[in-house]
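S.K.: If it helps, the file is called my_file-v3.txt and holds compact mmCIF, C-alpha atoms:
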```txt
# COMPACT_ATOMS: atom_id res chain seq x y z
CA MET Z 1 22.11 -44.86 -27.98
CA PHE Z 2 18.31 -44.84 -27.92
CA GLU Z 3 18.21 -44.98 -24.13
CA LYS Z 4 20.60 -42.06 -23.86
CA GLU Z 5 18.31 -39.87 -25.98
CA ASP Z 6 15.36 -40.88 -23.85
CA PHE Z 7 17.25 -39.92 -20.71
CA LYS Z 8 18.20 -36.57 -22.20
CA THR Z 9 14.58 -35.65 -22.94
CA ARG Z 10 13.49 -36.74 -19.47
CA LEU Z 11 16.27 -34.66 -17.92
CA LYS Z 12 15.15 -31.66 -19.96
CA ILE Z 13 11.54 -32.05 -18.79
CA ALA Z 14 12.58 -32.43 -15.16
CA ASN Z 15 14.84 -29.36 -15.39
CA SER Z 16 12.11 -27.19 -16.89
CA LYS Z 17 9.70 -28.33 -14.15
CA LEU Z 18 12.26 -27.42 -11.50
CA LYS Z 19 12.71 -24.00 -13.08
CA GLU Z 20 8.97 -23.41 -13.10
CA ARG Z 21 8.75 -24.25 -9.41
CA GLU Z 22 11.65 -21.94 -8.60
CA ALA Z 23 10.02 -19.10 -10.52
CA ALA Z 24 6.76 -19.63 -8.61
CA GLU Z 25 8.64 -19.58 -5.32
CA ALA Z 26 10.47 -16.37 -6.25
CA GLY Z 27 7.11 -14.73 -6.93
CA LYS Z 28 5.86 -15.87 -3.55
CA ARG Z 29 8.98 -14.49 -1.85
CA GLY Z 30 8.05 -11.03 -3.12
CA LEU Z 31 4.61 -11.43 -1.61
CA PHE Z 32 6.14 -12.53 1.70
CA MET Z 33 8.29 -9.42 1.73
CA GLY Z 34 5.16 -7.35 1.21
CA SER Z 35 3.52 -9.04 4.20
CA ALA Z 36 6.62 -8.50 6.31
CA PHE Z 37 6.54 -4.75 5.57
CA LYS Z 38 2.82 -4.79 6.32
CA LEU Z 39 3.32 -6.33 9.77
CA GLY Z 40 6.19 -3.98 10.63
CA THR Z 41 4.31 -0.78 9.85
CA GLU Z 42 1.23 -2.14 11.62
CA LEU Z 43 3.22 -2.44 14.86
CA VAL Z 44 5.04 0.88 14.56
CA ALA Z 45 1.94 2.88 13.60
CA ALA Z 46 0.01 1.89 16.73
CA VAL Z 47 2.97 2.70 18.99
CA VAL Z 48 3.37 6.11 17.34
CA VAL Z 49 -0.35 6.90 17.59
CA GLY Z 50 -0.44 5.79 21.24
CA THR Z 51 2.57 7.93 22.11
CA ILE Z 52 1.15 10.98 20.34
CA ILE Z 53 -2.17 10.60 22.20
CA GLY Z 54 -0.23 10.33 25.48
CA PHE Z 55 1.75 13.46 24.61
CA ILE Z 56 -1.39 15.47 23.82
CA LEU Z 57 -3.20 14.31 26.97
CA ASP Z 58 -0.11 15.13 29.05
CA ASN Z 59 -0.16 18.68 27.71
CA TRP Z 60 -3.88 18.96 28.49
CA PHE Z 61 -3.79 17.69 32.04
CA GLY Z 62 -0.27 18.82 32.94
CA THR Z 63 0.80 15.36 34.15
CA LYS Z 64 4.01 15.64 32.20
CA PRO Z 65 5.79 12.30 32.05
CA TRP Z 66 3.11 9.85 33.17
CA LEU Z 67 0.43 9.60 30.50
CA ILE Z 68 2.97 9.44 27.67
CA ILE Z 69 4.59 6.43 29.38
CA ILE Z 70 1.25 4.70 29.98
CA PHE Z 71 0.02 5.37 26.45
CA PHE Z 72 3.31 4.20 24.97
CA PHE Z 73 2.69 0.78 26.52
CA ILE Z 74 -1.00 0.76 25.57
CA GLY Z 75 0.05 1.67 22.03
CA SER Z 76 2.52 -1.23 21.99
CA VAL Z 77 -0.27 -3.58 23.06
CA ALA Z 78 -2.52 -2.18 20.34
CA GLY Z 79 0.31 -2.71 17.84
CA MET Z 80 0.70 -6.34 18.84
CA LEU Z 81 -3.07 -6.76 18.55
CA ASN Z 82 -2.89 -5.30 15.03
CA VAL Z 83 -0.05 -7.65 14.09
CA ILE Z 84 -1.92 -10.69 15.42
CA ARG Z 85 -5.07 -9.69 13.55
CA THR Z 86 -3.19 -9.12 10.30
CA ALA Z 87 -1.41 -12.47 10.69
CA ILE Z 88 -4.73 -14.26 11.27
CA ARG Z 89 -6.15 -12.58 8.16
CA MET Z 90 -3.11 -13.61 6.11
CA GLN Z 91 -3.47 -17.23 7.21
CA LYS Z 92 -7.12 -17.16 6.18
CA GLU Z 93 -6.17 -15.87 2.73
CA ASP Z 94 -3.79 -18.78 2.06
CA MET R 1 23.20 16.97 -12.27
CA SER R 2 23.06 16.50 -8.54
CA THR R 3 24.44 13.31 -7.01
CA ASN R 4 22.36 13.67 -3.87
CA PRO R 5 20.02 10.64 -3.71
CA MET R 6 17.33 12.73 -1.99
CA HIS R 7 17.35 15.35 -4.75
CA GLN R 8 14.72 13.40 -6.69
CA PHE R 9 12.12 14.12 -3.98
CA ASN R 10 12.35 17.93 -4.28
CA VAL R 11 9.06 19.64 -5.00
CA TYR R 12 9.42 22.80 -7.05
CA ARG R 13 7.03 25.22 -8.63
CA ILE R 14 6.23 25.11 -12.33
CA GLY R 15 4.85 28.35 -13.74
CA PRO R 16 3.55 31.32 -11.76
CA GLU R 17 3.03 31.46 -8.02
CA VAL R 18 -0.64 31.22 -7.05
CA LYS R 19 -1.70 32.15 -3.53
CA ILE R 20 -5.25 32.07 -2.21
CA ALA R 21 -5.85 33.27 1.37
CA GLY R 22 -2.18 32.76 2.25
CA ILE R 23 -2.15 29.15 1.03
CA ASP R 24 0.30 28.35 -1.73
CA ILE R 25 -1.59 26.38 -4.39
CA SER R 26 0.87 26.86 -7.27
CA PHE R 27 1.29 24.15 -9.86
CA THR R 28 4.28 21.99 -8.86
CA ASN R 29 6.05 19.00 -10.36
CA ALA R 30 4.03 16.82 -7.96
CA SER R 31 0.79 18.17 -9.43
CA LEU R 32 2.20 17.66 -12.92
CA PHE R 33 2.93 13.98 -12.31
CA MET R 34 -0.44 13.41 -10.65
CA LEU R 35 -2.02 14.93 -13.75
CA ILE R 36 0.14 12.75 -16.01
CA SER R 37 -0.88 9.61 -14.08
CA ALA R 38 -4.55 10.54 -14.25
CA MET R 39 -4.26 11.22 -17.97
CA VAL R 40 -2.46 7.94 -18.64
CA ILE R 41 -5.20 6.07 -16.74
CA SER R 42 -7.93 7.87 -18.70
CA LEU R 43 -6.21 7.22 -22.01
CA PHE R 44 -5.64 3.56 -21.18
CA LEU R 45 -9.25 2.98 -20.13
CA PHE R 46 -10.52 5.00 -23.10
CA LEU R 47 -8.54 2.80 -25.49
CA GLY R 48 -9.70 -0.27 -23.57
CA THR R 49 -13.39 0.55 -23.80
CA LYS R 50 -13.51 2.35 -27.18
CA GLU R 51 -14.83 -0.53 -29.26
CA LYS R 52 -16.41 -3.34 -27.32
CA LYS R 53 -15.23 -6.28 -29.38
CA LEU R 54 -16.31 -9.85 -28.75
CA VAL R 55 -12.68 -10.92 -29.17
CA PRO R 56 -10.80 -8.24 -27.22
CA ASP R 57 -7.65 -6.56 -28.47
CA MET R 58 -4.69 -5.89 -26.16
CA PHE R 59 -5.95 -2.76 -24.38
CA GLN R 60 -9.45 -4.14 -23.95
CA LEU R 61 -8.03 -7.38 -22.55
CA ILE R 62 -5.88 -5.57 -19.97
CA ALA R 63 -8.75 -3.25 -19.00
CA GLU R 64 -11.06 -6.25 -18.52
CA MET R 65 -8.40 -8.06 -16.50
CA VAL R 66 -7.96 -5.09 -14.15
CA TYR R 67 -11.74 -4.76 -13.79
CA ASN R 68 -12.13 -8.45 -12.93
CA PHE R 69 -9.18 -8.32 -10.55
CA ILE R 70 -10.64 -5.45 -8.52
CA ALA R 71 -14.20 -6.80 -8.66
CA LYS R 72 -13.02 -10.18 -7.36
CA MET R 73 -10.93 -8.55 -4.63
CA ILE R 74 -13.86 -6.49 -3.37
CA ASN R 75 -16.18 -9.48 -3.48
CA ASP R 76 -13.73 -11.70 -1.59
CA THR R 77 -12.80 -9.25 1.15
CA ALA R 78 -15.88 -7.09 1.69
CA GLY R 79 -18.73 -9.14 0.26
CA PRO R 80 -21.53 -8.13 -2.12
CA LYS R 81 -22.55 -5.19 0.12
CA ALA R 82 -19.41 -3.33 -1.00
CA ARG R 83 -20.35 -3.37 -4.69
CA PRO R 84 -21.52 0.30 -4.69
CA TYR R 85 -17.99 1.34 -3.66
CA PHE R 86 -16.38 -0.35 -6.66
CA PRO R 87 -15.78 2.89 -8.62
CA PHE R 88 -13.94 4.47 -5.70
CA ILE R 89 -11.72 1.49 -4.98
CA PHE R 90 -11.02 0.98 -8.68
CA SER R 91 -9.96 4.63 -9.11
CA LEU R 92 -7.90 4.47 -5.93
CA PHE R 93 -6.05 1.35 -7.05
CA MET R 94 -5.43 2.72 -10.54
CA PHE R 95 -4.23 6.08 -9.22
CA VAL R 96 -1.77 4.59 -6.73
CA LEU R 97 -0.57 2.00 -9.24
CA PHE R 98 0.01 4.53 -12.03
CA CYS R 99 1.64 7.07 -9.71
CA ASN R 100 4.05 4.32 -8.61
CA MET R 101 4.66 3.11 -12.16
CA VAL R 102 5.11 6.59 -13.67
CA GLY R 103 7.61 7.21 -10.87
CA MET R 104 9.66 4.25 -12.10
CA LEU R 105 10.49 6.08 -15.36
CA PRO R 106 13.86 7.86 -15.36
CA TYR R 107 13.74 11.65 -14.67
CA SER R 108 10.19 11.37 -13.38
CA PHE R 109 8.84 12.22 -9.95
CA THR R 110 7.16 9.72 -7.63
CA VAL R 111 4.09 11.37 -6.15
CA THR R 112 3.49 8.55 -3.67
CA SER R 113 6.95 8.96 -2.13
CA HIS R 114 5.65 12.00 -0.24
CA ILE R 115 3.95 11.30 3.07
CA ILE R 116 1.50 14.17 2.65
CA VAL R 117 0.02 12.63 -0.51
CA THR R 118 -0.39 9.16 0.98
CA LEU R 119 -1.60 10.58 4.31
CA ILE R 120 -4.35 12.59 2.61
CA LEU R 121 -5.43 9.49 0.65
CA ALA R 122 -5.43 7.38 3.83
CA LEU R 123 -7.20 10.05 5.92
CA PHE R 124 -9.89 10.38 3.26
CA ILE R 125 -10.44 6.61 3.35
CA PHE R 126 -10.42 6.59 7.17
CA ILE R 127 -12.98 9.40 7.47
CA ALA R 128 -15.14 7.99 4.67
CA VAL R 129 -15.18 4.51 6.26
CA THR R 130 -16.04 5.96 9.68
CA VAL R 131 -18.88 8.05 8.20
CA ILE R 132 -20.19 5.01 6.25
CA GLY R 133 -20.09 2.94 9.45
CA PHE R 134 -22.09 5.51 11.40
CA LEU R 135 -24.57 5.97 8.55
CA LYS R 136 -25.19 2.22 8.22
CA HIS R 137 -25.31 1.28 11.90
CA GLY R 138 -25.87 4.51 13.82
CA PHE R 139 -24.36 4.54 17.29
CA LYS R 140 -24.14 0.74 17.21
CA TYR R 141 -20.99 1.28 15.16
CA LEU R 142 -19.20 2.16 18.41
CA LYS R 143 -19.52 -1.53 19.28
CA ILE R 144 -16.36 -2.25 17.27
CA PHE R 145 -14.46 -0.65 20.16
CA VAL R 146 -16.10 -2.99 22.70
CA PRO R 147 -15.38 -6.63 21.88
CA SER R 148 -17.80 -9.13 23.37
CA GLY R 149 -16.80 -11.67 25.99
CA VAL R 150 -14.32 -9.47 27.85
CA PRO R 151 -14.34 -9.32 31.68
CA LYS R 152 -15.83 -6.05 32.99
CA LEU R 153 -12.64 -5.17 34.84
CA LEU R 154 -10.58 -5.19 31.63
CA LEU R 155 -13.19 -3.46 29.46
CA PRO R 156 -11.91 0.16 29.82
CA LEU R 157 -8.36 -0.90 28.98
CA ILE R 158 -9.45 -3.01 26.00
CA THR R 159 -11.60 -0.14 24.71
CA VAL R 160 -8.63 2.26 24.84
CA ILE R 161 -6.48 -0.33 23.04
CA GLU R 162 -9.16 -0.82 20.38
CA ILE R 163 -9.48 2.94 19.84
CA ILE R 164 -5.71 3.32 19.40
CA SER R 165 -5.74 0.35 17.04
CA TYR R 166 -8.52 2.01 15.03
CA LEU R 167 -6.72 5.38 14.94
CA SER R 168 -3.49 3.73 13.80
CA ARG R 169 -5.13 2.60 10.55
CA PRO R 170 -4.51 5.75 8.48
CA VAL R 171 -0.97 6.04 9.87
CA SER R 172 0.01 2.49 8.96
CA LEU R 173 -1.76 2.73 5.59
CA SER R 174 0.03 5.92 4.58
CA VAL R 175 3.44 5.19 6.11
CA ARG R 176 3.61 1.79 4.40
CA LEU R 177 3.13 3.17 0.90
CA PHE R 178 5.32 6.23 1.49
CA ALA R 179 8.19 4.29 3.15
CA ASN R 180 8.25 1.59 0.50
CA MET R 181 8.33 4.05 -2.37
CA MET R 182 10.84 6.41 -0.80
CA ALA R 183 13.22 3.68 0.40
CA GLY R 184 13.16 1.95 -2.99
CA HIS R 185 13.83 5.09 -4.99
CA THR R 186 16.58 6.27 -2.64
CA MET R 187 18.24 2.86 -2.89
CA LEU R 188 18.07 2.96 -6.71
CA LYS R 189 19.72 6.39 -6.76
CA VAL R 190 22.40 5.36 -4.24
CA PHE R 191 23.38 2.35 -6.35
CA GLY R 192 23.27 4.55 -9.46
CA GLY R 193 25.70 6.90 -7.71
CA PHE R 194 28.03 3.98 -6.94
CA VAL R 195 28.15 3.10 -10.63
CA ILE R 196 29.38 6.60 -11.47
CA SER R 197 31.90 6.87 -8.63
CA LEU R 198 33.43 3.40 -9.17
CA GLY R 199 33.81 3.96 -12.88
CA VAL R 200 34.37 1.37 -15.62
CA LEU R 201 36.45 -0.95 -13.45
CA GLY R 202 34.28 -1.45 -10.36
CA GLY R 203 30.95 -0.13 -11.55
CA TRP R 204 29.60 -3.37 -12.95
CA LEU R 205 28.56 -4.87 -9.61
CA PRO R 206 26.38 -1.93 -8.48
CA LEU R 207 25.03 -1.70 -12.04
CA SER R 208 23.80 -5.29 -11.89
CA PHE R 209 22.35 -4.55 -8.45
CA SER R 210 20.46 -1.60 -9.77
CA VAL R 211 19.03 -3.65 -12.63
CA ALA R 212 17.79 -6.23 -10.10
CA LEU R 213 16.47 -3.47 -7.84
CA THR R 214 14.53 -1.92 -10.70
CA GLY R 215 12.72 -5.22 -11.17
CA LEU R 216 12.06 -5.46 -7.45
CA GLU R 217 10.80 -1.87 -7.41
CA ILE R 218 8.27 -2.60 -10.15
CA LEU R 219 7.03 -5.54 -8.08
CA VAL R 220 6.84 -3.32 -4.98
CA ALA R 221 5.01 -0.61 -6.93
CA PHE R 222 2.31 -3.08 -7.92
CA LEU R 223 2.22 -4.81 -4.52
CA GLN R 224 1.82 -1.57 -2.59
CA ALA R 225 -1.03 -0.41 -4.80
CA TYR R 226 -2.68 -3.80 -4.25
CA VAL R 227 -2.12 -3.67 -0.48
CA PHE R 228 -3.52 -0.12 -0.35
CA ALA R 229 -6.66 -1.20 -2.18
CA ILE R 230 -7.15 -4.46 -0.28
CA LEU R 231 -6.78 -2.72 3.10
CA THR R 232 -9.38 -0.19 2.03
CA CYS R 233 -11.66 -3.15 1.27
CA ILE R 234 -10.95 -4.70 4.67
CA TYR R 235 -11.73 -1.44 6.49
CA LEU R 236 -14.88 -1.07 4.42
CA ASN R 237 -15.83 -4.62 5.37
CA ASP R 238 -15.52 -3.73 9.07
CA ALA R 239 -17.82 -0.76 8.55
CA LEU R 240 -20.41 -2.57 6.43
CA ASN R 241 -20.62 -5.93 8.16
CA LEU R 242 -20.51 -5.31 11.89
CA HIS R 243 -19.54 -8.54 13.59
CA HIS R 244 -18.30 -8.50 17.13
```
Since I need it in another form, could you write the structure as structure tokens?
M.R.:
Amino acid sequence: MFEKEDFKTRLKIANSKLKEREAAEAGKRGLFMGSAFKLGTELVAAVVVGTIIGFILDNWFGTKPWLIIIFFFIGSVAGMLNVIRTAIRMQKED
Amino acid sequence: MSTNPMHQFNVYRIGPEVKIAGIDISFTNASLFMLISAMVISLFLFLGTKEKKLVPDMFQLIAEMVYNFIAKMINDTAGPKARPYFPFIFSLFMFVLFCNMVGMLPYSFTVTSHIIVTLILALFIFIAVTVIGFLKHGFKYLKIFVPSGVPKLLLPLITVIEIISYLSRPVSLSVRLFANMMAGHTMLKVFGGFVISLGVLGGWLPLSFSVALTGLEILVAFLQAYVFAILTCIYLNDALNLHH
């Protein structure tokens, strides 16, 4: 009988520890989602800015389709650069 | 009551129409909720700093916690040189946080779910950081567009990429906050609409979803304010401590 009680208390302690860990992980998951949003917008923003610059320059120089295509790709590269930089910064924070 | 989930984002005029030089500057519900947020912040900090007790009461404790949180964040990301900008970053964080949180109340209006509001905030930060960079370093600030150790042949391309990357900062900063707030609030309203249309029999599932989503939205509201402030610190760090 005594041993059974002892086991029950130990089980209770272990369960509460497990719950604590799960709660901590759930909190972290929210943070991860925040970082995922961060990386996504980082990529998209650079592509959009690059394309807009290409569009404006095209209108200036009258080279209709070419600069927008070139700047779209340069913008994508800049976006990837942004993502890599943000990821490096995130790893430093941890 | 409209069932359109986008109805909550309508901006309408409160009171008389005011026009100066063809620009409509009437008082709208957006201005009202900005004012409410600013007043709630002022009230909260007033209560927190009214009597400086040795053993703090609730408001004083929260105010001190927020102060320490921001001070530590600035110190960690931008170093001691960024201390003079503490008031700005503190106000920015509090404003975004309270606009997000006030928007979580039923029947309220979320100011930060409009791209124009977040874009103006982000553009102000972008221009301020650029001006600070040029003031501190002069034309040497342009060095951030020219990373060291790059072959001469690639340098023009890299410079263009760096400039686009720099210009994308206000866009990503504003779109992130705006998209998160708008998507979350639309989702809440869509699930709320499901509860009504499915009635007593089937409405319980979307209802439980919307309870969970409300919790998630409060987390997002805090997280986005934090991200907005920390990115401002990071940009400020680039301008203050030139290292390339």
S.K.: How far is it from CA of Phe86 in chain R to CA of Tyr67 in chain R, in Å with one decimal?
M.R.: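 Between these atoms lies a distance of 9.6 Å.
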S.K.: Please, what distance in Å, to one decimal, runs between CA of Ser108 in chain R and CA of Lys38 in chain Z?
M.R.: 26.5 Å
S.K.: Can you measure CA of Phe90 in chain R to CA of Ala71 in chain R for me? One decimal in Å is fine.
M.R.: 8.4 Å
S.K.: Using all atoms listed in the file, which of R:Tyr141, R:Phe222, R:Phe191, R:Phe228 sits nearest Ser208 in chain R?
M.R.: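 Between R:Tyr141, R:Phe222, R:Phe191, R:Phe228, the residue approaching Ser208 in chain R most closely is R:Phe191.
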S.K.: Might you pull out every residue within 10 Å of Ile52 in chain Z, with all atoms listed in the file counted and same-chain residues fewer than 5 positions away left off, and present them as a ChimeraX atom specification?
M.R.: /Z:46-47,57-58,68,71-72,75
S.K.: Let's have the selection written as a tab-separated table (two decimals), in the coordinates of the input, with C-alpha atoms.
M.R.:
```tsv
chain	number	residue	atom	x	y	z
Z	46	ALA	CA	0.01	1.89	16.73
Z	47	VAL	CA	2.97	2.70	18.99
Z	57	LEU	CA	-3.20	14.31	26.97
Z	58	ASP	CA	-0.11	15.13	29.05
Z	68	ILE	CA	2.97	9.44	27.67
Z	71	PHE	CA	0.02	5.37	26.45
Z	72	PHE	CA	3.31	4.20	24.97
Z	75	GLY	CA	0.05	1.67	22.03
```
S.K.: Using only C-alpha atoms, find the residues of chain R whose closest atom to chain Z is at most 10 Å away, then write them as a ChimeraX atom specification.
M.R.: /R:76-77,157-158,160-177,179-180,216,219-220,223-224,227,234
